[in-house]
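Structure first, then comments.
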Amino acid sequence: MGCFTFIKVMMILFNLAIFLSGGTLLGVGIWVRVDGESFLNIFGALSSSILQVVNVGYLLIAIGAILLVIGFLGCYGAQKESKCLLMMFFSVVLIIFIAEVAAAVLALVFTGLAETLLTGLVTPLLKEKYGADTEFTNIWNITMTQGCFNQILEEIRTNAGVAGGVAAGIAALEIASMAVSMYLYCRLDEK
């Protein structure tokens, strides 16, 4: 088996895994949107956090759909040796990579801003709406039973490094997948 064939097979298998993962996330996201209550019962979450589950459902649907598209483009493009699909795969991954780098730079630059924003936005909002708006009061009470304000700030500070490490790992995988797709793209001319 030549280098081209090996890389082609690895690209197909890797993107098949991405495609299946995207389908799974999409399915779970739809399940959460359609029947969030049973989802909460299965995982033992508080039924009062249904508001958060609704947002998680939308996030899972979006991520699942993106992963389905990426997986399809990479897998099918490598299988059919389609330069157009390989270039589309490269372009989509590049756009996602650029967005992630921009978000990481903003997160690193404005890490101290999180405390300022939370203090500057939450404190006046609490003074204005707590007790007057029942929905806001309930959400804030749930947040405070799960952890106080200082603990939330500490969690943000503590987990910033872990989030950065995960983001760096994902970025490395994206760079590798872009390099492999470009290798296959360039080698198709030689075939």
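Order determines the names: the first chain of the structure tokens is A, the second B, and so forth; residues in each chain are numbered 1 upward, and ligands are numbered 1 upward as they are shown.
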Which residues are near Gly57 (chain A)? Cut-off 8 Å, only C-alpha atoms, ignore same chain within fewer than 4 positions. Put them as a PyMOL selection string. chain A and resi 28-33+53+61
Go ahead and dump the residues you just picked, C-alpha atoms, as a PDB file, in the first residue's frame.
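Final output, saved to again_10.pdb:
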```pdb
ATOM      1  CA  VAL A  28     -29.045  13.905  21.085  1.00  0.00           C
ATOM      2  CA  GLY A  29     -29.660  17.589  20.393  1.00  0.00           C
ATOM      3  CA  ILE A  30     -32.965  16.828  18.698  1.00  0.00           C
ATOM      4  CA  TRP A  31     -33.889  14.495  21.557  1.00  0.00           C
ATOM      5  CA  VAL A  32     -33.161  17.248  24.101  1.00  0.00           C
ATOM      6  CA  ARG A  33     -35.266  19.731  22.118  1.00  0.00           C
ATOM      7  CA  VAL A  53     -31.179  22.151  28.549  1.00  0.00           C
ATOM      8  CA  ILE A  61     -27.840  20.464  16.973  1.00  0.00           C
TER       9      ILE A  61
END
```
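Closest approach to Ala107 (chain A) among A:Ile7, A:Ala167, A:Asn141, A:Leu25 is made by A:Ala167 (distances from only C-alpha atoms).
When only C-alpha atoms are used to compute distances to Asp189 (chain A), the closest of the residues A:Gly120, A:Lys129, A:Ser177, A:Ser82 turns out to be A:Ser82.
Of the listed residues (A:Tyr76, A:Trp140, A:Glu37, A:Leu113), A:Trp140 comes nearest to Leu125 (chain A); the distances count only C-alpha atoms.
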What is the CA of Asn138 (chain A) to CA of Val122 (chain A) distance in Å? 14.8 Å
Residues within 10 Å of Gly71 (chain A), only C-alpha atoms, excluding chain neighbours under 5 positions, as a PyMOL selection string: chain A and resi 11-23+65-66+76-77+89
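CA of Val56 (chain A) is found 21.3 Å from CA of Thr137 (chain A).
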Report the distance between CA of Cys3 (chain A) and CA of Gln79 (chain A) in Å, rounded to one decimal place. 15.1 Å
Any idea what's packed within 10 Å of Met87 (chain A), counting only C-alpha atoms, ignoring anything in its chain fewer than 4 positions away? Could you give it as a ChimeraX atom specification? /A:73-74,77,82-83,91-93,178,181-182,184-185
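Nearest to Glu190 (chain A) of all the residues A:Phe4, A:Ala176, A:Ala132, A:Gly169 is A:Phe4, counting only C-alpha atoms.
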